[in-house]
$ cat final_10.cif   # mmCIF, C-alpha atoms
data_structure
#
loop_
_atom_site.label_atom_id
_atom_site.label_comp_id
_atom_site.auth_asym_id
_atom_site.auth_seq_id
_atom_site.Cartn_x
_atom_site.Cartn_y
_atom_site.Cartn_z
CA MET A 1 18.78 39.57 -12.14
CA PRO A 2 15.82 41.70 -13.18
CA ARG A 3 14.09 40.62 -16.35
CA LYS A 4 14.41 43.06 -19.25
CA ILE A 5 11.31 44.39 -20.93
CA TYR A 6 11.51 46.63 -23.98
CA ARG A 7 8.51 48.60 -25.24
CA GLN A 8 8.47 50.39 -28.54
CA GLY A 9 4.97 51.76 -29.17
CA ASP A 10 2.56 48.84 -29.00
CA VAL A 11 5.26 46.15 -29.25
CA LEU A 12 6.78 44.54 -26.16
CA LEU A 13 9.79 42.24 -25.93
CA GLU A 14 9.87 40.43 -22.60
CA GLN A 15 12.99 38.52 -21.62
CA ILE A 16 12.27 34.97 -20.52
CA ASP A 17 14.32 32.29 -18.84
CA TRP A 18 12.05 29.25 -19.00
CA ILE A 19 13.19 28.25 -22.49
CA ASP A 20 16.78 28.10 -23.69
CA SER A 21 17.86 28.76 -27.25
CA GLU A 22 18.93 25.15 -27.90
CA TYR A 23 15.49 23.86 -26.97
CA LEU A 24 13.83 26.53 -29.09
CA LYS A 25 16.02 25.69 -32.09
CA LYS A 26 15.25 22.00 -31.71
CA TYR A 27 11.51 22.05 -31.03
CA GLY A 28 10.37 25.50 -32.15
CA GLU A 29 9.40 26.39 -35.69
CA PHE A 30 11.95 28.69 -37.31
CA ILE A 31 10.12 31.61 -38.92
CA SER A 32 12.73 34.07 -40.10
CA ASP A 33 16.01 35.74 -39.21
CA ARG A 34 14.29 39.10 -39.11
CA LEU A 35 11.25 40.30 -37.21
CA GLU A 36 8.99 42.73 -39.00
CA ILE A 37 5.66 43.74 -37.50
CA SER A 38 3.47 46.28 -39.26
CA SER A 39 1.89 48.92 -37.08
CA GLU A 40 -1.49 50.49 -37.73
CA ASN A 41 0.08 53.52 -39.39
CA GLY A 42 1.84 51.46 -42.04
CA TYR A 43 5.37 51.55 -40.61
CA SER A 44 6.89 48.45 -39.09
CA HIS A 45 8.91 47.47 -36.03
CA ARG A 46 12.05 45.62 -37.14
CA ILE A 47 14.86 43.70 -35.48
CA ASP A 48 17.53 41.43 -36.94
CA ALA A 49 17.32 38.29 -34.83
CA GLU A 50 16.12 34.70 -35.20
CA ILE A 51 12.38 34.32 -34.80
CA TYR A 52 10.80 31.07 -33.62
CA ARG A 53 7.24 30.02 -33.03
CA TYR A 54 6.68 27.63 -30.15
CA GLY A 55 3.14 26.80 -29.03
CA SER A 56 1.07 29.89 -29.59
CA SER A 57 3.89 32.35 -28.86
CA THR A 58 6.61 33.97 -30.89
CA TYR A 59 10.13 34.07 -29.48
CA ILE A 60 13.10 36.14 -30.54
CA VAL A 61 16.62 34.83 -30.00
CA VAL A 62 19.01 37.76 -29.78
CA GLU A 63 22.56 36.40 -29.85
CA LYS A 64 24.43 39.69 -30.08
CA PRO A 65 23.14 43.18 -29.28
CA ALA A 66 20.53 44.14 -31.87
CA ILE A 67 18.55 47.26 -32.59
CA LEU A 68 14.77 47.44 -32.57
CA LYS A 69 13.82 50.01 -35.18
CA HIS A 70 10.71 51.91 -36.16
CA TYR A 71 10.33 54.93 -38.40
CA GLN A 72 8.58 57.04 -35.76
CA HIS A 73 10.07 55.75 -32.52
CA PRO A 74 13.63 56.09 -31.24
CA GLU A 75 15.74 52.95 -31.66
CA ILE A 76 16.22 50.56 -28.75
CA LEU A 77 19.37 48.50 -28.22
CA VAL A 78 18.24 45.00 -27.25
CA GLU A 79 20.70 42.99 -25.22
CA PRO A 80 21.37 39.30 -25.94
CA GLY A 81 18.75 36.92 -24.58
CA ILE A 82 15.52 35.14 -25.45
CA TYR A 83 12.48 37.36 -25.68
CA GLN A 84 8.79 36.68 -25.99
CA LEU A 85 6.92 38.95 -28.37
CA ARG A 86 3.89 40.62 -26.81
CA PHE A 87 1.64 43.55 -27.57
CA ILE A 88 -0.03 46.25 -25.51
CA ARG A 89 -3.39 44.89 -24.36
CA ASP A 90 -6.72 46.67 -24.27
CA TRP A 91 -9.71 45.78 -22.12
CA LEU A 92 -12.13 46.82 -24.86
CA LEU A 93 -10.46 44.40 -27.25
CA ARG A 94 -10.90 41.49 -24.85
CA GLU A 95 -12.43 38.28 -26.11
CA SER A 96 -16.15 38.87 -25.73
CA ARG A 97 -18.09 36.10 -24.07
CA PRO A 98 -21.44 34.98 -25.44
CA PHE A 99 -24.54 36.10 -23.61
CA ASP A 100 -25.83 33.71 -20.92
CA MET B 1 -68.25 23.52 2.13
CA ASP B 2 -64.93 22.00 1.31
CA LEU B 3 -64.91 18.57 2.92
CA GLU B 4 -61.61 17.44 1.53
CA PRO B 5 -58.84 17.70 4.12
CA LYS B 6 -56.07 20.07 3.21
CA PRO B 7 -52.83 18.23 2.42
CA VAL B 8 -50.21 18.66 5.12
CA LYS B 9 -47.09 20.35 3.86
CA TYR B 10 -43.62 19.96 5.24
CA ILE B 11 -40.66 22.26 5.28
CA HIS B 12 -37.40 20.49 4.55
CA ILE B 13 -34.31 22.39 5.63
CA GLY B 14 -31.10 20.95 4.26
CA PHE B 15 -28.25 22.28 6.38
CA GLY B 16 -25.10 22.70 4.35
CA LYS B 17 -21.60 23.74 5.28
CA PRO B 18 -19.82 26.97 4.42
CA TYR B 19 -17.73 26.67 1.22
CA ILE B 20 -18.73 23.01 0.85
CA ARG B 21 -22.48 22.69 0.38
CA SER B 22 -25.30 25.21 0.09
CA TYR B 23 -28.42 25.24 2.26
CA HIS B 24 -31.58 23.88 0.69
CA ILE B 25 -35.03 25.05 1.78
CA ALA B 26 -37.97 23.22 0.22
CA LEU B 27 -41.70 22.74 0.62
CA CYS B 28 -42.85 19.12 0.21
CA LEU B 29 -45.99 17.05 0.52
CA LYS B 30 -44.12 14.19 2.22
CA PRO B 31 -41.83 14.28 5.25
CA THR B 32 -39.53 11.62 3.82
CA SER B 33 -36.54 12.16 1.56
CA THR B 34 -38.22 10.59 -1.50
CA TYR B 35 -39.61 13.82 -2.92
CA ILE B 36 -36.35 15.69 -2.37
CA ARG B 37 -34.39 12.93 -4.07
CA LYS B 38 -36.76 13.03 -7.04
CA SER B 39 -36.73 16.85 -7.11
CA LEU B 40 -40.49 17.02 -6.67
CA CYS B 41 -40.42 19.80 -4.03
CA LYS B 42 -40.53 23.52 -4.55
CA GLY B 43 -37.56 25.20 -2.99
CA TYR B 44 -34.37 27.13 -3.29
CA SER B 45 -30.79 26.93 -2.18
CA VAL B 46 -28.70 29.54 -0.41
CA GLU B 47 -24.94 29.82 -0.32
CA ALA B 48 -23.84 28.52 3.08
CA SER B 49 -20.86 30.81 3.50
CA SER B 50 -23.08 33.89 3.53
CA ILE B 51 -25.69 32.65 6.03
CA GLY B 52 -24.16 29.64 7.84
CA TYR B 53 -23.31 30.70 11.40
CA VAL B 54 -26.15 33.18 12.06
CA PHE B 55 -28.83 30.98 10.52
CA ASN B 56 -27.76 27.92 12.48
CA LYS B 57 -27.42 29.70 15.78
CA VAL B 58 -30.73 31.61 15.66
CA PHE B 59 -32.76 28.86 14.05
CA ARG B 60 -31.66 26.12 16.43
CA SER B 61 -32.18 28.39 19.46
CA VAL B 62 -35.66 29.52 18.46
CA ILE B 63 -37.17 26.37 17.00
CA TYR B 64 -37.42 24.07 20.02
CA SER B 65 -39.80 21.55 18.49
CA THR B 66 -38.13 18.40 17.32
CA PRO B 67 -38.22 17.81 13.59
CA VAL B 68 -40.64 15.18 12.29
CA ASN B 69 -37.85 13.61 10.31
CA ILE B 70 -34.10 13.93 9.91
CA TYR B 71 -32.16 12.40 7.05
CA ARG B 72 -28.92 12.83 5.13
CA TYR B 73 -28.93 13.48 1.44
CA SER B 74 -26.47 15.05 -0.98
CA TYR B 75 -23.95 16.14 1.70
CA ARG B 76 -26.68 17.94 3.66
CA ILE B 77 -28.54 17.06 6.85
CA TYR B 78 -32.23 17.66 6.29
CA HIS B 79 -34.56 18.58 9.15
CA VAL B 80 -38.26 18.31 8.37
CA TYR B 81 -40.93 20.41 10.11
CA ILE B 82 -44.68 20.63 9.66
CA TYR B 83 -45.50 23.69 7.61
CA SER B 84 -46.83 26.81 9.25
CA ASP B 85 -47.04 30.31 7.79
CA SER B 86 -45.00 31.79 10.62
CA LEU B 87 -42.26 29.16 10.35
CA TRP B 88 -41.99 29.67 6.58
CA ARG B 89 -41.86 33.44 7.07
CA PHE B 90 -39.30 33.08 9.86
CA ILE B 91 -36.97 31.02 7.65
CA ASP B 92 -37.33 33.53 4.86
CA ILE B 93 -36.58 36.52 7.05
CA LEU B 94 -33.77 34.73 8.88
CA ILE B 95 -31.93 33.98 5.64
CA ASP B 96 -32.18 37.64 4.68
CA PHE B 97 -31.01 38.67 8.15
CA SER B 98 -28.05 36.25 8.13
CA TYR B 99 -26.94 37.45 4.72
CA LYS B 100 -27.24 41.16 5.53
CA LEU B 101 -25.64 40.85 8.96
CA ASN B 102 -22.45 39.65 7.30
CA ARG B 103 -22.44 42.77 5.14
CA TYR B 104 -23.26 45.09 8.03
CA CYS B 105 -20.82 43.78 10.63
CA LYS B 106 -17.12 44.28 10.22
CA SER B 107 -16.16 42.02 13.11
CA TYR B 108 -17.16 38.72 14.61
CA ARG B 109 -17.97 40.47 17.91
CA CYS B 110 -20.57 42.64 16.20
CA ILE B 111 -22.30 39.53 14.80
CA GLU B 112 -22.21 37.88 18.22
CA HIS B 113 -23.63 40.98 19.87
CA ILE B 114 -26.59 41.28 17.51
CA VAL B 115 -27.32 37.55 17.53
CA SER B 116 -27.36 37.44 21.33
CA ASN B 117 -29.63 40.51 21.39
CA VAL B 118 -32.03 38.76 19.02
CA LEU B 119 -31.98 35.54 21.04
CA ASN B 120 -32.58 37.34 24.35
CA ARG B 121 -35.71 38.95 22.97
CA CYS B 122 -37.08 35.89 21.14
CA SER B 123 -39.59 34.35 23.51
CA ASN B 124 -41.70 32.78 20.77
CA LEU B 125 -41.72 32.49 17.00
CA ASP B 126 -43.97 35.47 16.27
CA ILE B 127 -42.08 37.82 18.57
CA CYS B 128 -38.87 36.55 17.03
CA ILE B 129 -40.10 37.46 13.56
CA ASP B 130 -40.74 41.01 14.81
CA VAL B 131 -37.32 41.25 16.46
CA VAL B 132 -35.47 40.02 13.36
CA SER B 133 -37.54 42.34 11.12
CA GLU B 134 -36.68 45.26 13.36
CA TRP B 135 -32.97 44.51 13.09
CA LEU B 136 -33.30 43.99 9.36
CA SER B 137 -34.81 47.39 8.71
CA TYR B 138 -32.16 49.01 10.92
CA ILE B 139 -29.34 47.20 9.04
CA ASP B 140 -30.89 48.14 5.70
CA ARG B 141 -30.95 51.80 6.68
CA VAL B 142 -27.34 51.81 7.86
CA VAL B 143 -26.04 49.84 4.86
CA ARG B 144 -27.91 52.15 2.47
CA ARG B 145 -26.40 55.17 4.24
CA ARG B 146 -22.90 53.68 3.97
CA ILE B 147 -23.34 52.86 0.28
CA ASP B 148 -24.61 56.37 -0.46
CA GLY B 149 -21.71 57.80 1.52
CA GLY B 150 -19.26 55.82 -0.61
CA ARG B 151 -20.97 56.93 -3.80
CA LYS B 152 -20.89 60.57 -2.77
CA ALA B 153 -17.20 60.30 -1.82
CA LEU B 154 -16.45 58.80 -5.21
CA TYR B 155 -18.26 61.65 -6.97
CA LYS B 156 -16.39 64.18 -4.86
CA ARG B 157 -13.06 62.57 -5.71
CA PHE B 158 -13.72 62.38 -9.45
CA SER B 159 -15.15 65.87 -9.80
CA LYS B 160 -12.33 67.37 -7.70
CA LYS B 161 -9.65 65.62 -9.78
CA THR B 162 -11.41 66.67 -12.99
CA ILE B 163 -11.40 70.32 -11.92
CA MET B 164 -7.73 69.91 -10.99
CA PHE B 165 -6.63 68.45 -14.34
CA ILE B 166 -9.14 69.78 -16.89
CA ASP B 167 -6.97 72.71 -18.01
CA LYS B 168 -4.07 70.33 -18.65
CA LEU B 169 -6.41 68.07 -20.63
CA TYR B 170 -7.58 71.01 -22.76
CA SER B 171 -4.01 72.10 -23.39
CA VAL B 172 -2.96 68.62 -24.62
CA PHE B 173 -6.24 67.75 -26.35
CA PRO B 174 -7.85 71.06 -27.34
CA ASP B 175 -10.34 69.33 -29.66
CA ILE B 176 -11.87 67.32 -26.78
CA ARG B 177 -14.24 70.25 -26.21
CA ASN B 178 -15.80 69.60 -29.57
CA ILE B 179 -15.54 65.95 -30.47
CA ALA B 180 -17.38 64.10 -33.22
CA VAL B 181 -20.09 61.79 -31.88
CA PHE B 182 -21.14 58.84 -34.04
CA LYS B 183 -24.60 57.61 -33.15
CA VAL B 184 -25.65 53.97 -33.17
CA ASN B 185 -29.37 53.60 -33.81
CA SER B 186 -29.88 49.86 -33.39
CA ILE B 187 -31.06 48.55 -30.09
CA PHE B 188 -30.53 44.90 -31.05
CA TYR B 189 -27.13 43.32 -30.51
CA SER B 190 -26.38 41.98 -33.98
CA SER B 191 -27.52 45.07 -35.88
CA CYS B 192 -25.70 47.27 -33.35
CA VAL B 193 -22.49 45.32 -34.05
CA GLU B 194 -22.92 45.77 -37.81
CA GLU B 195 -23.58 49.48 -37.44
CA SER B 196 -20.63 50.00 -35.09
CA ILE B 197 -18.30 48.06 -37.40
CA ASP B 198 -19.29 50.34 -40.28
CA ILE B 199 -18.21 53.35 -38.19
CA LEU B 200 -15.05 51.81 -36.77
CA ARG B 201 -13.84 50.39 -40.08
CA LYS B 202 -13.02 53.93 -41.18
CA PHE B 203 -10.44 54.12 -38.41
CA TYR B 204 -9.34 50.59 -37.52
CA ARG B 205 -8.47 47.25 -39.07
CA ASP B 206 -11.38 44.86 -39.67
CA ASP B 207 -10.57 42.44 -36.85
CA GLN B 208 -10.02 45.28 -34.40
CA SER B 209 -13.28 47.00 -35.42
CA HIS B 210 -15.11 43.73 -34.99
CA ARG B 211 -13.74 43.14 -31.50
CA TYR B 212 -14.44 46.72 -30.41
CA ALA B 213 -17.97 46.56 -31.81
CA GLU B 214 -18.76 43.32 -30.00
CA ASN B 215 -17.85 44.83 -26.66
CA ILE B 216 -19.44 48.22 -27.34
CA CYS B 217 -22.81 46.64 -28.13
CA ARG B 218 -22.92 44.64 -24.91
CA GLY B 219 -24.16 47.69 -23.03
CA TYR B 220 -25.85 51.03 -23.46
CA ILE B 221 -22.56 52.84 -23.00
CA VAL B 222 -20.60 55.62 -24.68
CA TYR B 223 -17.00 54.90 -25.69
CA LEU B 224 -14.25 57.28 -26.73
CA PHE B 225 -11.68 56.57 -29.44
CA ALA B 226 -8.56 58.39 -30.52
CA ARG B 227 -6.99 58.28 -33.96
CA ASP B 228 -6.09 61.56 -35.65
CA SER B 229 -8.62 63.18 -33.34
CA ILE B 230 -10.90 62.06 -30.52
CA PHE B 231 -14.38 60.80 -31.32
CA ALA B 232 -17.16 59.01 -29.47
CA ILE B 233 -19.58 56.23 -30.33
CA ALA B 234 -22.84 56.64 -28.45
CA PRO B 235 -26.37 55.21 -28.43
CA ASN B 236 -28.70 57.30 -30.55
CA ASP B 237 -30.63 59.12 -27.83
CA LEU B 238 -27.64 60.25 -25.77
CA GLU B 239 -26.62 63.84 -26.44
CA ILE B 240 -23.22 65.20 -25.48
CA GLU B 241 -23.01 68.00 -22.93
CA TYR B 242 -20.05 69.83 -21.43
CA GLY B 243 -20.05 71.30 -17.96
CA GLU B 244 -18.16 71.94 -14.77
CA GLY B 245 -16.77 69.09 -12.69
CA TYR B 246 -16.72 66.61 -15.57
CA VAL B 247 -15.12 66.38 -19.00
CA MET B 248 -18.36 65.63 -20.81
CA ARG B 249 -21.57 63.81 -20.16
CA PHE B 250 -24.09 61.83 -22.13
CA LYS B 251 -27.31 61.99 -20.07
CA ASP B 252 -26.34 60.16 -16.85
CA GLN B 253 -22.98 58.92 -18.17
CA TYR B 254 -20.37 61.30 -16.81
CA ILE B 255 -16.76 61.15 -17.99
CA PHE B 256 -14.27 62.33 -15.36
CA ILE B 257 -10.48 62.66 -15.13
CA ASP B 258 -9.06 60.75 -12.18
CA ASP B 259 -5.31 61.02 -12.67
CA TYR B 260 -2.69 62.62 -14.85
CA ARG B 261 1.01 62.13 -15.58
CA ASP B 262 3.41 64.02 -17.74
CA THR B 263 6.89 62.69 -18.61
CA GLU B 264 9.40 63.48 -21.32
CA LYS B 265 8.01 60.59 -23.40
CA TYR B 266 4.25 60.89 -22.90
CA THR B 267 1.34 62.68 -21.27
CA VAL B 268 -1.46 60.45 -19.99
CA PHE B 269 -4.85 61.07 -18.43
CA LYS B 270 -6.94 58.48 -16.69
CA LEU B 271 -10.57 58.87 -17.79
CA ILE B 272 -13.53 57.22 -16.13
CA ASN B 273 -17.05 56.86 -17.48
CA THR B 274 -19.59 56.48 -14.68
CA ASN B 275 -23.28 56.37 -14.12
CA THR B 276 -23.82 59.44 -11.99
CA ALA B 277 -26.99 60.91 -10.54
CA ASN B 278 -27.69 63.27 -7.61
CA ASN B 279 -23.96 63.82 -7.03
CA MET B 280 -23.43 60.09 -6.52
CA VAL B 281 -21.42 57.67 -8.65
CA ASN B 282 -23.60 54.59 -8.98
CA ARG B 283 -21.48 52.56 -11.34
CA VAL B 284 -18.16 52.64 -13.16
CA TYR B 285 -18.67 51.70 -16.80
CA TRP B 286 -15.09 51.89 -18.00
CA VAL B 287 -11.64 53.19 -17.21
CA SER B 288 -9.28 54.31 -19.93
CA ILE B 289 -5.98 56.03 -20.57
CA LEU B 290 -6.04 58.89 -23.01
CA GLY B 291 -2.52 59.82 -23.95
CA TYR B 292 -0.19 61.72 -26.20
CA ASP B 293 3.06 60.08 -27.36
CA LYS B 294 5.66 62.83 -27.64
CA TYR B 295 8.05 60.77 -29.80
CA THR B 296 5.56 59.87 -32.48
CA ASN B 297 3.29 62.88 -32.06
CA GLN B 298 0.31 60.53 -31.85
CA ILE B 299 -2.69 60.40 -29.56
CA PHE B 300 -4.05 57.12 -28.22
CA ILE B 301 -6.72 55.72 -25.94
CA HIS B 302 -6.53 52.31 -24.31
CA TYR B 303 -9.07 50.76 -22.00
CA VAL B 304 -8.20 48.99 -18.74
CA PRO B 305 -10.45 46.87 -16.49
CA PRO B 306 -12.93 48.85 -14.33
CA THR B 307 -11.39 47.14 -11.28
CA LEU B 308 -8.54 49.63 -11.66
CA ALA B 309 -10.90 52.57 -11.13
CA LEU B 310 -9.13 53.72 -7.97
CA HIS B 311 -5.57 52.95 -9.04
CA SER B 312 -3.06 55.45 -10.38
CA VAL B 313 -2.66 56.11 -14.08
CA GLU B 314 0.79 54.49 -13.85
CA THR B 315 -0.71 51.22 -12.56
CA CYS B 316 -3.22 51.36 -15.43
CA ARG B 317 -0.33 51.81 -17.86
CA GLU B 318 1.41 48.80 -16.28
CA TRP B 319 -1.75 46.75 -16.85
CA LEU B 320 -1.55 47.56 -20.58
CA MET B 321 1.95 46.09 -20.62
CA GLY B 322 0.85 43.02 -18.65
CA LEU B 323 2.98 43.96 -15.63
CA VAL B 324 0.07 43.99 -13.17
CA ASP B 325 -3.17 42.01 -13.01
CA SER B 326 -6.72 43.40 -13.06
CA TYR B 327 -6.46 44.27 -9.37
CA GLY B 328 -3.19 46.18 -9.69
CA HIS B 329 -0.98 43.44 -8.21
CA LYS B 330 2.42 42.92 -9.81
CA THR B 331 2.65 39.83 -12.00
CA ILE B 332 6.41 40.02 -12.53
CA ASP B 333 8.71 40.22 -9.50
CA SER B 334 11.58 42.25 -10.80
CA TYR B 335 12.08 43.77 -14.20
CA SER B 336 13.81 46.68 -15.87
CA LEU B 337 11.63 48.47 -18.38
CA VAL B 338 13.06 50.32 -21.34
CA GLU B 339 10.37 52.13 -23.29
CA VAL B 340 10.17 54.66 -26.05
#

$ encode --input "final_10.cif" --output "structure tokens"
Amino acid sequence: MPRKIYRQGDVLLEQIDWIDSEYLKKYGEFISDRLEISSENGYSHRIDAEIYRYGSSTYIVVEKPAILKHYQHPEILVEPGIYQLRFIRDWLLRESRPFD
Amino acid sequence: MDLEPKPVKYIHIGFGKPYIRSYHIALCLKPTSTYIRKSLCKGYSVEASSIGYVFNKVFRSVIYSTPVNIYRYSYRIYHVYIYSDSLWRFIDILIDFSYKLNRYCKSYRCIEHIVSNVLNRCSNLDICIDVVSEWLSYIDRVVRRRIDGGRKALYKRFSKKTIMFIDKLYSVFPDIRNIAVFKVNSIFYSSCVEESIDILRKFYRDDQSHRYAENICRGYIVYLFARDSIFAIAPNDLEIEYGEGYVMRFKDQYIFIDDYRDTEKYTVFKLINTNTANNMVNRVYWVSILGYDKYTNQIFIHYVPPTLALHSVETCREWLMGLVDSYGHKTIDSYSLVEV
């Protein structure tokens, strides 16, 4: 089955299958039952779902269909699943290496 | 009169193996391995994969004299010869020839053909030097012509696409014909970063400004940014000019449009900043996507790796989302993308 990827502005939710929710609940760090990420213009992307931190990534456990909201963008209906939170990348914002 | 005998010098040639060990060419006062082991010889190493076959074949066919010593050291087999100016020059020129032949030839047969031509005409070392030099200058000329051809083709492509899409760019971004240019005076890295941060802080968060500034100051390059309007950050002595066949230029830095896409959600242009002179693109500095989000009524610019210079604007957009790598290859097998 194709993996679902949702993009709302700079925020990306990528469905993953290498972690299940039980594992995440047991070993991940529970952050909140609501995701709220501020964008540069002051408005925030919001979704009502359980948020976990595991390693250096943030995961969203969507148990029943939830809506990803933002003041400026249309809403997106997110289907149940486990999603990794990512952002749009930019080559000019890459980690700069020290000079040789 | 100088009565002291001149010290005999030896050339040590350490034969390596492609992808395993480099070649080592060194000049020593002793024919034994001692000086090499103690790193007391002057020399250099050459990557074996770029010279291996040609160097071996020509060298072993031309140099009939047996080496004064052969030994193994550091995964190489060293052959030692008594120094002579012509031998030293031959090795030098042969390495250059081997390296350039690999760039010139597109097939193994071509390499074979040239090598056998060289060997047929090499009756002694001095003649061989002339033959290899002759081939070298021919290869140089052809390679230079090919490179220039590629650079001209690139210029033609970019200027043609720019002419094709410039009216669309002006209709979406009318203020691009008169953008603000912030000048950075410092030529030193740390002060350039500070100066750039001061400019960028007015538009971006501190951490973002810092990261942008660090990358901006790594080169003498103009960058475009888009917030409420489009602006540029440029080194102090580069003046903006508008003209035909390019969007804008700052001395020899020409910004072209290479691709365009318009959907119900967004309009995006692929912009390329290049070093251009004499109708030839010599270097691609950066590739970016300048866009307009129809839902939010916002403009944006995002940079993608220069390796995507010849890819479509859609592939560049996919890179931003992490769906393709820096060479445009898909990183996720199958996915369904919902975006707003």

$ residues_around --input "final_10.cif" --residues "Val58 in chain B" --least-positions-apart "2" --cutoff "9 Å" --atoms "all atoms listed in the file" --output "JSON, numbers by chain"
{"B": [53, 54, 55, 56, 60, 61, 62, 63, 94, 115, 116, 118, 119]}

$ closest_residue --input "final_10.cif" --among "A:Ile76, A:Val62, A:Ile47, A:Ile82" --to "chain B" --atoms "all atoms listed in the file"
A:Ile76

$ resolve_selection --input "final_10.cif" --expression "the PyMOL selection byres ((chain A) within 10 of (chain B))" --output "PDB file with C-alpha atoms, in the coordinates of the input"
ATOM      1  CA  MET A   1      18.780  39.570 -12.140  1.00  0.00           C
ATOM      2  CA  PRO A   2      15.820  41.700 -13.180  1.00  0.00           C
ATOM      3  CA  ARG A   3      14.090  40.620 -16.350  1.00  0.00           C
ATOM      4  CA  LYS A   4      14.410  43.060 -19.250  1.00  0.00           C
ATOM      5  CA  ILE A   5      11.310  44.390 -20.930  1.00  0.00           C
ATOM      6  CA  TYR A   6      11.510  46.630 -23.980  1.00  0.00           C
ATOM      7  CA  ARG A   7       8.510  48.600 -25.240  1.00  0.00           C
ATOM      8  CA  GLN A   8       8.470  50.390 -28.540  1.00  0.00           C
ATOM      9  CA  GLY A   9       4.970  51.760 -29.170  1.00  0.00           C
ATOM     10  CA  ASP A  10       2.560  48.840 -29.000  1.00  0.00           C
ATOM     11  CA  VAL A  11       5.260  46.150 -29.250  1.00  0.00           C
ATOM     12  CA  LEU A  12       6.780  44.540 -26.160  1.00  0.00           C
ATOM     13  CA  LEU A  13       9.790  42.240 -25.930  1.00  0.00           C
ATOM     14  CA  GLU A  14       9.870  40.430 -22.600  1.00  0.00           C
ATOM     15  CA  GLN A  15      12.990  38.520 -21.620  1.00  0.00           C
ATOM     16  CA  GLU A  40      -1.490  50.490 -37.730  1.00  0.00           C
ATOM     17  CA  TYR A  71      10.330  54.930 -38.400  1.00  0.00           C
ATOM     18  CA  GLN A  72       8.580  57.040 -35.760  1.00  0.00           C
ATOM     19  CA  HIS A  73      10.070  55.750 -32.520  1.00  0.00           C
ATOM     20  CA  PRO A  74      13.630  56.090 -31.240  1.00  0.00           C
ATOM     21  CA  GLU A  75      15.740  52.950 -31.660  1.00  0.00           C
ATOM     22  CA  ILE A  76      16.220  50.560 -28.750  1.00  0.00           C
ATOM     23  CA  LEU A  77      19.370  48.500 -28.220  1.00  0.00           C
ATOM     24  CA  VAL A  78      18.240  45.000 -27.250  1.00  0.00           C
ATOM     25  CA  ARG A  86       3.890  40.620 -26.810  1.00  0.00           C
ATOM     26  CA  PHE A  87       1.640  43.550 -27.570  1.00  0.00           C
ATOM     27  CA  ILE A  88      -0.030  46.250 -25.510  1.00  0.00           C
ATOM     28  CA  ARG A  89      -3.390  44.890 -24.360  1.00  0.00           C
ATOM     29  CA  ASP A  90      -6.720  46.670 -24.270  1.00  0.00           C
ATOM     30  CA  TRP A  91      -9.710  45.780 -22.120  1.00  0.00           C
ATOM     31  CA  LEU A  92     -12.130  46.820 -24.860  1.00  0.00           C
ATOM     32  CA  LEU A  93     -10.460  44.400 -27.250  1.00  0.00           C
ATOM     33  CA  ARG A  94     -10.900  41.490 -24.850  1.00  0.00           C
ATOM     34  CA  GLU A  95     -12.430  38.280 -26.110  1.00  0.00           C
ATOM     35  CA  SER A  96     -16.150  38.870 -25.730  1.00  0.00           C
ATOM     36  CA  ARG A  97     -18.090  36.100 -24.070  1.00  0.00           C
ATOM     37  CA  PRO A  98     -21.440  34.980 -25.440  1.00  0.00           C
ATOM     38  CA  PHE A  99     -24.540  36.100 -23.610  1.00  0.00           C
TER      39      PHE A  99
END

$ atom_distance --input "final_10.cif" --atom1 "CA of Lys183 in chain B" --atom2 "CA of Tyr285 in chain B"
18.4 Å

$ resolve_selection --input "final_10.cif" --expression "the PyMOL selection byres ((chain A and resi 24) around 10)" --output "list in words"
Ile19, Asp20, Ser21, Glu22, Tyr23, Lys25, Lys26, Tyr27, Gly28, Glu29, Phe30, Ile51, Tyr52, Arg53, Tyr54, Tyr59, Ile60, Val61 and Ile82 of chain A

$ write_last_selection --input "final_10.cif" --atoms "C-alpha atoms" --output "short mmCIF file (atom, residue, chain, number, x, y, z; two decimals), in the frame of the given file"
data_model
loop_
_atom_site.label_atom_id
_atom_site.label_comp_id
_atom_site.auth_asym_id
_atom_site.auth_seq_id
_atom_site.Cartn_x
_atom_site.Cartn_y
_atom_site.Cartn_z
CA ILE A 19 13.19 28.25 -22.49
CA ASP A 20 16.78 28.10 -23.69
CA SER A 21 17.86 28.76 -27.25
CA GLU A 22 18.93 25.15 -27.90
CA TYR A 23 15.49 23.86 -26.97
CA LYS A 25 16.02 25.69 -32.09
CA LYS A 26 15.25 22.00 -31.71
CA TYR A 27 11.51 22.05 -31.03
CA GLY A 28 10.37 25.50 -32.15
CA GLU A 29 9.40 26.39 -35.69
CA PHE A 30 11.95 28.69 -37.31
CA ILE A 51 12.38 34.32 -34.80
CA TYR A 52 10.80 31.07 -33.62
CA ARG A 53 7.24 30.02 -33.03
CA TYR A 54 6.68 27.63 -30.15
CA TYR A 59 10.13 34.07 -29.48
CA ILE A 60 13.10 36.14 -30.54
CA VAL A 61 16.62 34.83 -30.00
CA ILE A 82 15.52 35.14 -25.45
#

$ resolve_selection --input "final_10.cif" --expression "the PyMOL selection byres ((chain B and resi 7-22) around 7)" --output "list of chain:residue names"
B:Pro5, B:Lys6, B:Tyr23, B:His24, B:Ile25, B:Ala26, B:Leu27, B:Cys28, B:Leu29, B:Lys30, B:Pro31, B:Ser45, B:Val46, B:Glu47, B:Ala48, B:Ser49, B:Gly52, B:Tyr75, B:Arg76, B:Ile77, B:Tyr78, B:His79, B:Val80, B:Tyr81, B:Ile82, B:Tyr83

$ closest_residue --input "final_10.cif" --among "B:Met164, B:Cys217, B:Arg227, B:Tyr266" --to "Ser191 in chain B" --atoms "all atoms listed in the file"
B:Cys217
